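In what follows, a structure is listed as structure tokens, so that the remarks can point back to it.
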Amino acid sequence: MEMSKNNEMITGSEALLRCLEMEGVDYVFGYPGGNVLYIYDALVNTPGINHILTRHEQGAVHAADGYARSTGKAGVCIATSGPGATNLVTGIATAYMDSVPMVIITGNVPTTVIGTDAFQEADIVSITMSITKHSYLVRDVNDLPRIIHEAFYIANTGRKGPVLIDIPKDISNQKLNFSPSDHLNIRGYNPEPKPDQTEIDRLLSAIEESEKPVIIAGGGVVYSNASEELLEFVNKTNIPVTTTLLGSGGFPSAYRLWLGMLGMHGTYAANMAVQNADLIISIGSRFDDRITMKLDAFAPNAKRIAHIDIDPAEIGKNVKTDIACVGDIKAVLTHANRKAKPAHSSEWINLTQDHKSKYPLRYNDSDSQIKPQFVIEMISETTGGDALITTDVGQHQMWTAQFYQFNTPRSLITSGGLGTMGFGLPAAIGAQIGNPDRLVISINGDGGIQMCAQEMAICAIHNLPVKIVVINNQTLGMVKQWQDIVYEKRYSQVDLTGSPSFVKLADAYGIKGIRATNKEEAIRAWHEALDTSGPVLVEFVVPTEENVYPMVLSGSPLNQMVMGENAND
Amino acid sequence: MINKHTISAWVNDQPGVLQRISGLFGRRGFNIDSITVGNSEEPGLSRMIIVTTGDEQTVDQIEKQLSKLIDVIKVDHLSSSDMVARELCFIKVRVEPSKRPEILGVVNTFRASVIDIGPNSLIVQVVGELYKIEAMVELLKPYGILELTRTGATAMRRGD
């Protein structure tokens, strides 16, 4: 008997893969195991889906994250039950904190033994409940097409985020009468509230009355693809802009009104602007503690605080808000741009520009030693600010945010909210796969690179031309910096000497490795790396003592910055 | 100002929903005084009545964070307007047979009822608003309360 292609008996695994194809998935990142064997078996006959076999589930989930952040499409990863699923937890939390759209598929033990502590059983739905936007345990194979369609819809709309689908082994092998689902049964979900024109009008009048306004642009600007609208808004209103870490690239750094990043390691100009402003306009930023610093001393001169965000729960969560524009940032700014008029900000702009030129980010360069900031500046200059950069977490991450001149959105991929070490390399793999024609550079420290170093194998196997930068200061730099400044130089467990030779490690994985120990070598090594067609690792050996400045200490207000010993000239 | 608030959440009757909600309260440091769950007027949907203590900003966050859960269909801050709320409470009191009439007097005055009588104890059932139950408990304390169980409040907005 012949059946139509849209209505036939297939297994849950086949249905899953067919649904993924219909959602436009071309790459999945994963690692097989006992309870996803049927899914991996079905994968053999699904040439439309390319599976990237990482060397650890954490690599898979971060790669899916890098793919999602760089392309705007939901990243997909697959892992087996138990340890496979629990190895995803860090990556799921990373994506959740930074609102990254992702669909995570885990196997589970068969429904007949769920709850019996069966081999490789873990209740991953419960474990990840507080770090997913939503999750499903599939109990009936017939629900699978609807659940997958809903999962992608939820992950990709509103404030984006990871959605987990847990599929017991027997479900993945049961047959269903398959028909694709375009059905959405999500009554309580209103992902994109229509912008409220009254609040937008209030915002525009507040701007016209304002003399010292400042915009804080966050990751929401990037995720909403609203960079052009933001630029137009700034041009119409004459308001200086500071960006958060995740907002990097959401506003062109070459632009005159850009003040740099704000917060704990923000620029003098940005932090002072926020503390002196009479109007704060937060656009797609959530007043995280790393940007507000001491909360009750945040923006003490602001007569009004306005917040544009797609998530209503962010309004008033950390900071009391006077004007709340809930909605997609692109939509809100498009509405606002129709009527936006300039603030009376010319004197204020002069002041912020004065701060910007008097107190730029700086460091004491050296003729012989390689300063880490120099490495970032060199990478920025040689790539014209157009590379796709991923970072790990720590000092190198802050130096990258400070010294790389980002021109375009989706150019910096970094774990901002969770601060996940080990993120940089696998995220670059996902980003390179999603952007085969872009120059992808992964900037890491000698600590974080060792947390997912095994994924170098993937770069070699798939010949992904990722430039892997290791800024090696032989120490856990950011922790050491805190021990320097807050714990009176009592160093505790930050010495990373004894790490392997990164060049030999790269070589072991089949990747070219280059090491630079002085400035001349650094320049040569970096150009050699850029001229290398495949993957390459460049290790820059830098001094251990270098710290990230400015720094606002925890518990201090944003304007109390430790400027560093080199800043007083 | 810190006050008691009553919130109603209309939720999918799905495994794990109670866990999602209690997890949210735990994770964000919201307080749960009581929580009741049961069927609602629509098959497949349950209604939860949550009594919580907090200031206005906290309650605003509770409403918004609850609304973000995919399985939550609708959230209503009942105590922000006119509502009715009732709770059921059983109180097992130690009482010699000779003292029974005295207790029955208290029970009748409160329009409560005795639903079980044992050789040396009886169970009082009281239905009412929070203050009524607390008053009843206070009055029965001197006799010796052996066991007490409360359902938590259920509530509804008045009128339509």
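FYI, nothing fancy with the structure tokens labels: chains A, B, ... in order, residues from 1 per chain, ligands from 1 as they appear.
In chain B, the set of residues within 7 Å of chain A (atoms considered: only C-alpha atoms) is Arg20, Gln61, Lys64, Gln65, Ile70, Asp71, Val72, Ile73 and Lys74 of chain B.
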**Message:** I'd like the neighbourhood of range 501-511 of chain A as a list in words, where a residue qualifies if any of its atoms comes within 6 Å (using only C-alpha atoms), though same-chain residues fewer than 5 positions away should be ignored.
**Reply:** Ala457, Ala460 and Val536 of chain A
**Prompt:** So which residues touch Ile329 in chain A within 7 Å, counting only C-alpha atoms, skipping near sequence neighbours fewer than 3 positions away, as number ranges by chain?
**Reply:** A: 221, 224, 226, 284, 308-310, 332-333
**Request:** Mind checking which residues fall within 9 Å of His77 in chain B, counting only C-alpha atoms, ignoring those fewer than 3 positions away in the same chain, and posting them as number ranges by chain?
**Result:** B: 5-9, 59, 63, 80-81
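For Arg146 in chain A, the list of residues within 12 Å, based on only C-alpha atoms and with local chain neighbours fewer than 5 positions off taken out, reads Ala15, Leu16, Cys19, Leu20, Glu23, Tyr136, Val138, Asp140, Val141, Ala151, Phe152, Tyr153, Ile165, Phe178, Ser179, Pro180, Ser181, Asp182, His183, Leu184, Asn185 and Ile186 of chain A.
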**Prompt:** Mind checking DSSP for range 6-113 of chain B and telling me the helix (DSSP H, G or I) residues as a ChimeraX atom specification?
**Reply:** /B:17-27,56-68,78-80,97-109
**Request:** Report the residues of range 192-343 of chain A whose backbone DSSP state falls under strand (DSSP E), written as a PyMOL selection string.
**Result:** chain A and resi 213-217+241-243+258-261+279-283+304-309+323-326
**Which of B:Ser79, B:Thr58, B:Asn108, B:Asn120 sits closest to Phe30 in chain B [using only C-alpha atoms]** = B:Thr58
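Residue nearest Pro300 in chain A within the list A:Gly24, A:Asn559, A:Glu545, A:Lys330: A:Asn559 [criterion: smallest interatomic distance, only C-alpha atoms].
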